[in-house]
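Student: Structure supplied as model03.tsv; contents: TSV, C-alpha atoms.
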```tsv
chain	number	residue	atom	x	y	z
A	1	MET	CA	125.11	81.91	143.82
A	2	THR	CA	122.71	83.00	146.51
A	3	GLU	CA	119.69	84.91	145.28
A	4	HIS	CA	119.99	87.50	148.02
A	5	VAL	CA	121.72	90.82	147.71
A	6	THR	CA	123.32	93.55	149.77
A	7	ALA	CA	121.55	96.86	149.22
A	8	ILE	CA	123.90	99.83	149.41
A	9	LEU	CA	122.01	103.07	149.91
A	10	GLN	CA	124.05	106.16	149.09
A	11	ALA	CA	123.13	109.41	150.82
A	12	ARG	CA	124.73	112.69	151.83
A	13	MET	CA	123.64	116.02	153.26
A	14	GLY	CA	125.11	118.14	150.49
A	15	SER	CA	122.69	119.13	147.73
A	16	SER	CA	122.82	122.32	145.73
A	17	ARG	CA	119.08	122.30	145.09
A	18	LEU	CA	117.71	120.96	148.39
A	19	PRO	CA	120.31	120.80	151.19
A	20	GLY	CA	119.70	118.15	153.85
A	21	LYS	CA	116.91	116.65	151.76
A	22	VAL	CA	117.32	113.08	153.03
A	23	ILE	CA	116.76	114.00	156.68
A	24	ARG	CA	113.85	116.39	156.12
A	25	HIS	CA	111.01	115.25	158.33
A	26	VAL	CA	107.50	114.18	157.40
A	27	LEU	CA	105.17	112.96	160.14
A	28	GLY	CA	108.05	113.17	162.61
A	29	LYS	CA	110.40	110.92	160.64
A	30	PRO	CA	113.33	111.70	158.28
A	31	LEU	CA	112.80	110.75	154.65
A	32	ILE	CA	115.80	108.41	154.66
A	33	ALA	CA	114.12	106.40	157.42
A	34	TYR	CA	111.09	105.74	155.18
A	35	GLU	CA	113.42	104.45	152.47
A	36	ILE	CA	115.36	102.17	154.82
A	37	GLU	CA	112.18	100.77	156.35
A	38	ARG	CA	110.69	100.08	152.92
A	39	LEU	CA	113.90	98.35	151.81
A	40	LYS	CA	113.60	96.13	154.89
A	41	GLN	CA	110.29	94.87	153.43
A	42	CYS	CA	112.14	93.39	150.45
A	43	GLU	CA	112.70	89.72	151.32
A	44	ARG	CA	115.44	89.30	148.72
A	45	ILE	CA	117.61	91.94	150.40
A	46	GLN	CA	119.84	90.26	152.96
A	47	ASN	CA	121.79	93.30	154.20
A	48	ILE	CA	121.30	97.05	153.99
A	49	VAL	CA	124.30	99.36	154.14
A	50	LEU	CA	123.89	103.10	154.44
A	51	ALA	CA	126.91	104.57	152.63
A	52	THR	CA	127.56	108.21	153.37
A	53	SER	CA	130.65	110.40	153.35
A	54	ASP	CA	133.24	110.69	156.07
A	55	LYS	CA	132.58	114.42	156.41
A	56	PRO	CA	131.24	115.66	159.78
A	57	SER	CA	128.35	117.29	157.93
A	58	ASP	CA	127.02	113.79	157.18
A	59	ASP	CA	126.96	112.73	160.85
A	60	PRO	CA	123.14	113.17	160.97
A	61	ILE	CA	122.70	110.61	158.20
A	62	ALA	CA	124.96	108.12	159.95
A	63	ALA	CA	122.98	108.64	163.15
A	64	VAL	CA	119.71	107.70	161.41
A	65	GLY	CA	121.25	104.51	160.04
A	66	GLU	CA	122.58	103.51	163.44
A	67	GLU	CA	119.22	104.23	165.06
A	68	LEU	CA	117.48	101.98	162.53
A	69	GLY	CA	119.99	99.17	163.01
A	70	VAL	CA	121.58	99.09	159.57
A	71	MET	CA	125.30	99.05	158.89
A	72	VAL	CA	126.75	102.49	158.22
A	73	PHE	CA	129.78	102.85	155.97
A	74	ARG	CA	131.57	106.16	155.55
A	75	GLY	CA	133.91	106.98	152.69
A	76	SER	CA	134.71	109.47	149.96
A	77	GLU	CA	132.17	112.19	149.28
A	78	SER	CA	133.12	112.79	145.64
A	79	ASP	CA	134.38	109.35	144.57
A	80	VAL	CA	131.09	107.55	145.09
A	81	LEU	CA	132.35	104.53	143.15
A	82	ASP	CA	135.13	104.07	145.71
A	83	ARG	CA	132.61	104.48	148.54
A	84	TYR	CA	130.46	101.72	147.02
A	85	TYR	CA	133.37	99.42	146.38
A	86	GLN	CA	134.75	99.77	149.89
A	87	ALA	CA	131.28	99.28	151.41
A	88	ALA	CA	130.71	96.15	149.33
A	89	LYS	CA	134.13	94.82	150.24
A	90	ALA	CA	133.56	95.48	153.94
A	91	THR	CA	130.39	93.35	153.86
A	92	ASN	CA	131.74	90.59	151.57
A	93	ALA	CA	128.91	91.33	149.16
A	94	THR	CA	128.77	89.21	146.01
A	95	THR	CA	125.70	90.89	144.53
A	96	ILE	CA	124.83	94.52	145.15
A	97	MET	CA	121.68	96.57	144.76
A	98	ARG	CA	122.28	100.29	144.34
A	99	VAL	CA	119.66	102.74	145.56
A	100	THR	CA	120.00	106.45	146.23
A	101	GLY	CA	118.87	108.34	149.32
A	102	ASP	CA	116.42	110.56	147.46
A	103	CYS	CA	113.88	107.74	146.89
A	104	PRO	CA	111.76	107.51	150.08
A	105	LEU	CA	108.92	105.75	148.22
A	106	ILE	CA	111.11	102.94	146.84
A	107	ASP	CA	108.83	99.97	146.11
A	108	PRO	CA	109.83	96.58	147.61
A	109	GLU	CA	107.87	94.73	144.91
A	110	ILE	CA	109.87	96.42	142.16
A	111	CYS	CA	113.12	95.76	144.04
A	112	ASN	CA	112.17	92.08	144.32
A	113	ALA	CA	111.35	91.86	140.61
A	114	THR	CA	114.66	93.48	139.69
A	115	ILE	CA	116.62	91.00	141.81
A	116	ARG	CA	114.60	88.07	140.45
A	117	ASP	CA	115.29	88.98	136.81
A	118	PHE	CA	118.96	89.61	137.55
A	119	PHE	CA	119.40	86.03	138.71
A	120	THR	CA	117.06	84.28	136.28
A	121	GLN	CA	118.74	85.96	133.29
A	122	ASP	CA	122.26	85.48	134.66
A	123	ALA	CA	123.17	89.12	134.11
A	124	ASP	CA	126.11	91.23	135.20
A	125	TYR	CA	123.85	94.25	135.60
A	126	ILE	CA	120.17	95.14	135.59
A	127	MET	CA	118.39	98.48	135.91
A	128	THR	CA	114.77	99.53	136.09
A	129	SER	CA	113.33	100.89	132.87
A	130	PRO	CA	112.70	104.64	132.40
A	131	ARG	CA	109.04	103.60	132.09
A	132	PHE	CA	109.00	103.40	135.89
A	133	ALA	CA	108.42	106.60	137.82
A	134	GLU	CA	111.56	108.49	138.77
A	135	GLY	CA	112.18	107.67	142.41
A	136	LEU	CA	111.61	103.91	142.04
A	137	ASP	CA	114.99	103.36	140.42
A	138	CYS	CA	117.18	100.47	141.50
A	139	GLU	CA	120.09	98.60	139.95
A	140	VAL	CA	121.65	95.22	140.71
A	141	PHE	CA	125.13	94.11	139.67
A	142	THR	CA	127.87	91.66	140.52
A	143	PHE	CA	130.78	92.50	142.77
A	144	ALA	CA	133.07	91.52	139.88
A	145	ALA	CA	131.53	94.24	137.68
A	146	LEU	CA	131.81	96.75	140.52
A	147	GLU	CA	135.45	95.85	141.10
A	148	ALA	CA	136.29	96.22	137.41
A	149	SER	CA	134.65	99.66	137.46
A	150	TRP	CA	136.56	100.67	140.58
A	151	LYS	CA	139.89	99.59	139.11
A	152	GLU	CA	139.46	101.01	135.62
A	153	ALA	CA	137.07	103.99	135.66
A	154	GLU	CA	138.88	107.27	135.04
A	155	LEU	CA	136.15	109.66	133.93
A	156	ALA	CA	134.78	111.86	136.71
A	157	SER	CA	131.23	110.93	135.67
A	158	GLU	CA	132.05	107.23	136.08
A	159	ARG	CA	133.47	107.82	139.57
A	160	GLU	CA	130.44	109.88	140.62
A	161	HIS	CA	127.72	107.74	139.01
A	162	VAL	CA	128.53	104.25	140.26
A	163	THR	CA	127.21	102.08	137.43
A	164	LEU	CA	128.00	104.32	134.46
A	165	PHE	CA	131.23	102.44	133.67
A	166	ILE	CA	129.22	99.21	133.37
A	167	ARG	CA	126.44	100.74	131.29
A	168	ASN	CA	128.95	102.36	128.95
A	169	ARG	CA	130.37	98.91	128.08
A	170	PRO	CA	127.50	96.63	126.97
A	171	GLU	CA	129.95	94.62	124.86
A	172	ARG	CA	131.78	93.63	128.04
A	173	PHE	CA	128.99	93.28	130.60
A	174	THR	CA	125.63	91.54	130.20
A	175	CYS	CA	123.26	94.45	130.85
A	176	ILE	CA	119.49	94.00	130.98
A	177	MET	CA	116.50	96.10	131.92
A	178	LEU	CA	113.40	95.42	134.01
A	179	GLU	CA	110.52	96.66	131.89
A	180	ASN	CA	107.32	98.18	133.23
A	181	ASP	CA	103.96	96.97	131.93
A	182	VAL	CA	102.71	100.56	131.78
A	183	ASP	CA	104.43	103.89	131.19
A	184	ASP	CA	104.72	105.66	134.54
A	185	SER	CA	107.54	107.94	133.42
A	186	HIS	CA	105.46	111.10	133.93
A	187	TYR	CA	105.29	110.46	137.69
A	188	ARG	CA	108.12	111.86	139.80
A	189	VAL	CA	108.53	110.63	143.38
A	190	THR	CA	112.17	111.43	144.01
A	191	VAL	CA	113.35	114.30	146.23
A	192	ASP	CA	115.78	116.68	144.59
A	193	GLU	CA	113.96	120.02	144.48
A	194	PRO	CA	111.71	121.92	146.92
A	195	GLU	CA	108.70	121.00	144.78
A	196	ASP	CA	109.62	117.32	145.08
A	197	PHE	CA	109.55	117.54	148.85
A	198	THR	CA	106.07	119.10	148.74
A	199	VAL	CA	104.85	116.20	146.58
A	200	ILE	CA	106.43	113.48	148.76
A	201	LYS	CA	105.12	115.12	151.92
A	202	ALA	CA	101.57	115.17	150.53
A	203	ILE	CA	101.78	111.51	149.48
A	204	LEU	CA	103.13	110.31	152.82
A	205	GLU	CA	100.61	112.35	154.81
A	206	ALA	CA	97.81	110.82	152.75
A	207	LEU	CA	98.98	107.19	152.63
A	208	ILE	CA	100.71	106.53	155.96
A	209	PRO	CA	97.51	106.94	158.05
A	210	LYS	CA	95.75	104.45	155.74
A	211	HIS	CA	98.48	101.91	155.02
A	212	ASP	CA	101.37	102.62	157.40
A	213	LEU	CA	104.40	101.65	155.26
A	214	ASN	CA	102.52	98.89	153.44
A	215	PHE	CA	101.65	100.77	150.25
A	216	SER	CA	102.79	100.11	146.70
A	217	PHE	CA	103.37	102.46	143.81
A	218	ALA	CA	99.86	101.58	142.63
A	219	ASP	CA	98.57	103.38	145.74
A	220	VAL	CA	100.86	106.34	145.02
A	221	ARG	CA	99.67	106.48	141.41
A	222	GLU	CA	96.04	106.39	142.50
A	223	TYR	CA	96.63	109.28	144.89
A	224	LEU	CA	98.45	111.41	142.30
A	225	ASP	CA	95.86	110.73	139.61
A	226	ALA	CA	93.18	111.94	142.03
A	227	HIS	CA	95.22	115.04	142.99
A	228	GLN	CA	96.41	116.58	139.75
A	229	ASP	CA	97.39	119.76	141.59
A	230	ILE	CA	100.00	117.76	143.52
A	231	LEU	CA	101.08	115.75	140.47
A	232	SER	CA	101.75	118.92	138.47
A	233	LEU	CA	103.99	120.55	141.10
A	234	ASN	CA	107.19	118.80	139.95
A	235	SER	CA	106.11	117.62	136.50
A	236	THR	CA	108.45	119.93	134.57
A	237	ILE	CA	111.67	118.94	136.38
A	238	VAL	CA	114.16	117.17	134.10
A	239	ARG	CA	114.77	113.51	134.90
A	240	ASN	CA	118.33	112.48	135.90
A	241	GLU	CA	119.42	116.11	135.93
A	242	GLY	CA	122.59	115.36	137.94
A	243	LEU	CA	123.83	112.76	135.46
A	244	ILE	CA	123.06	115.02	132.49
A	245	LYS	CA	125.04	117.85	134.11
A	246	SER	CA	128.04	115.57	134.78
A	247	LEU	CA	128.16	114.41	131.18
A	248	LYS	CA	127.84	117.96	129.83
A	249	ASP	CA	130.64	119.15	132.11
A	250	GLU	CA	132.92	116.42	130.75
A	251	ASP	CA	132.07	117.33	127.18
A	252	GLY	CA	132.98	120.96	127.91
A	253	GLN	CA	129.53	122.16	126.95
```
Could you express the structure from this file as structure tokens?
Tutor:
Amino acid sequence: MTEHVTAILQARMGSSRLPGKVIRHVLGKPLIAYEIERLKQCERIQNIVLATSDKPSDDPIAAVGEELGVMVFRGSESDVLDRYYQAAKATNATTIMRVTGDCPLIDPEICNATIRDFFTQDADYIMTSPRFAEGLDCEVFTFAALEASWKEAELASEREHVTLFIRNRPERFTCIMLENDVDDSHYRVTVDEPEDFTVIKAILEALIPKHDLNFSFADVREYLDAHQDILSLNSTIVRNEGLIKSLKDEDGQ
């Protein structure tokens, strides 16, 4: 099996908390462009697919992908699992990395380490540990595991959150986790709320002039530690709020 993967980046314009978040501009560039360009720095990623919905409202996202020269796949807005499966099938992907469009500071080094451990430990699925900052999350899994999910998943949460079917069945799939040497869980560098955008904007405006796109999370951490006022802006936002809401809705709570 080749040790290269197809990264499928899911993104859409709709967001109840921060509409159009992925194409908000910082330094004249949409946030999704920073994420795509940082993924291109990951030498273990062979192909990048920008997977958005087939709704006209998501045309701006597709336009960014086309401008940056990555494949754009358009599918179901609500059945994200189907969108992923069809995108993977269209590219003949055997191993897939899942990343979401709200992570403009995704770290190529962490992506590389996740892919490396996936292959060396012969897993069906790997995810980054919660000890990483939110916004550095990535997952890698086999096409076979994705296809099983696509065929069998019935819960709405498992259709919306692509890898939940796999993670809910550790007895069936070999699931492992990339651990972090330190606990960075109190850092939040995702974009889901207005406060998140303020934080990301401050980080990019500080680091891009110094490093261009060649900065790691260590540089981000150093900046946030030195600017506690910025760090505190989004520190009370609940991690994985969307997933928590989906599960509560299913439980009728």
Student: Considering all atoms listed in the file, can you say which of A:Glu134, A:Glu147, A:Glu158, A:Asp184 comes closest to Lys89 of chain A?
Tutor: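 For Lys89 of chain A, the nearest of the given residues is A:Glu147.
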Student: Residues of segment 120-181 of chain A within 12 Å of segment 225-241 of chain A: nearest atom pair and distance (Å, one decimal) for each, counting all atoms listed in the file, sorted by chain and number, as CSV?
Tutor:
```
residue,atom,partner,partner_atom,distance
A:Pro130,CA,A:Arg239,CA,9.4
A:Arg131,CA,A:Arg239,CA,11.8
A:Phe132,CA,A:Arg239,CA,11.7
A:Ala133,CA,A:Arg239,CA,9.8
A:Glu134,CA,A:Arg239,CA,7.1
A:Gly135,CA,A:Arg239,CA,9.9
A:Asp137,CA,A:Asn240,CA,10.7
A:His161,CA,A:Asn240,CA,11.0
```
Student: One decimal, in Å: what's the spacing between atom CA of Gln10 of chain A and atom CA of Ile61 of chain A?
Tutor: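 Going from atom CA of Gln10 of chain A over to atom CA of Ile61 of chain A covers 10.2 Å.
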Student: Nearest to Ser149 of chain A among A:His25, A:Ser57, A:Ile166, A:Asn47, with distances taken over only C-alpha atoms: which residue is it?
Tutor: A:Ile166
Student: Just want the 12 Å neighbourhood of Glu205 of chain A, counted on all atoms listed in the file, with same-chain residues fewer than 6 positions away dropped. Output as an MDAnalysis selection string.
Tutor: chainID A and resid 25:29 197:199 211:213 220 223
Student: Might you pull out every residue within 7 Å of Val72 of chain A, with only C-alpha atoms counted and same-chain residues fewer than 6 positions away left off, and present them as a PyMOL selection string?
Tutor: chain A and resi 49-51+62+65-66
Student: For Ala88 of chain A, which of A:Lys201, A:Asp183, A:Ser129, A:Val5 is the closest residue, counting all atoms listed in the file?
Tutor: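 Looking at the shortest contact to Ala88 of chain A, the residue is A:Val5.
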Student: Hey, can you check how far atom CA of Asp196 of chain A sits from atom CA of Ala11 of chain A?
Tutor: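 Distance reported for this atom pair: 16.7 Å.
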Student: Which neighbours of Leu136 of chain A fall inside 8 Å, counting all atoms listed in the file, when residues of the same chain fewer than 2 positions from it are skipped, and could you give them as a list in words?
Tutor: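 The neighbour list is Cys103, Leu105, Ile106, Asp107, Ile110, Phe132, Ala133, Glu134, Cys138, Val189 and Thr190 of chain A.
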Student: Rounded to one decimal place, report the atom CA of Phe165 of chain A-atom CA of Arg98 of chain A distance in Å.
Tutor: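 Spanning atom CA of Phe165 of chain A to atom CA of Arg98 of chain A is a straight-line distance of 14.1 Å.
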Student: Near Tyr85 of chain A, within 10 Å and counting only C-alpha atoms, which residues show up once chain neighbours fewer than 2 positions away are dropped, as a list in words?
Tutor: Ile8, Gly75, Val80, Leu81, Asp82, Arg83, Ala87, Ala88, Lys89, Ala90, Ala93, Ile96, Phe143, Leu146, Glu147, Ala148, Ser149, Trp150, Lys151 and Val162 of chain A
Student: Measuring between all atoms listed in the file, which one of A:Ile208, A:Val64, A:Ala156, A:Val99 shows the shortest distance to Arg24 of chain A?
Tutor: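 That would be A:Val64, the residue with the smallest distance to Arg24 of chain A.
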Student: Just want the 7 Å neighbourhood of Met177 of chain A, counted on only C-alpha atoms, with same-chain residues fewer than 6 positions away dropped. Output as a PyMOL selection string.
Tutor: chain A and resi 126-129
Student: Nearest to Arg188 of chain A: which of A:Asp117, A:Pro209, A:Leu224, A:Arg172 is it, counting only C-alpha atoms?
Tutor: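 Nearest to Arg188 of chain A: A:Leu224.
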Student: Box for segment 74-79 of chain A: with edges along x, y and z, all listed atoms inside and 5 Å added on each side, what are the centre and edge lengths in Å to one decimal, as JSON?
Tutor:
```
{"center_x": 133.1, "center_y": 109.5, "center_z": 150.1, "size_x": 13.1, "size_y": 16.6, "size_z": 21.0}
```
Student: From (130.5, 110.1, 154.4), in the file's coordinates, out to 8 Å: which residues are reached, counting only C-alpha atoms? Answer as a tab-separated table (two decimals) with C-alpha atoms, keeping the file's coordinate frame.
Tutor:
```tsv
chain	number	residue	atom	x	y	z
A	12	ARG	CA	124.73	112.69	151.83
A	51	ALA	CA	126.91	104.57	152.63
A	52	THR	CA	127.56	108.21	153.37
A	53	SER	CA	130.65	110.40	153.35
A	54	ASP	CA	133.24	110.69	156.07
A	55	LYS	CA	132.58	114.42	156.41
A	56	PRO	CA	131.24	115.66	159.78
A	58	ASP	CA	127.02	113.79	157.18
A	59	ASP	CA	126.96	112.73	160.85
A	73	PHE	CA	129.78	102.85	155.97
A	74	ARG	CA	131.57	106.16	155.55
A	75	GLY	CA	133.91	106.98	152.69
A	76	SER	CA	134.71	109.47	149.96
A	77	GLU	CA	132.17	112.19	149.28
```
Student: Tell me which of A:Met71, A:Ala7, A:Ile200, A:Cys111 sits closest to Lys21 of chain A, counting all atoms listed in the file.
Tutor: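 So, comparing all the options, the nearest one is A:Ile200.
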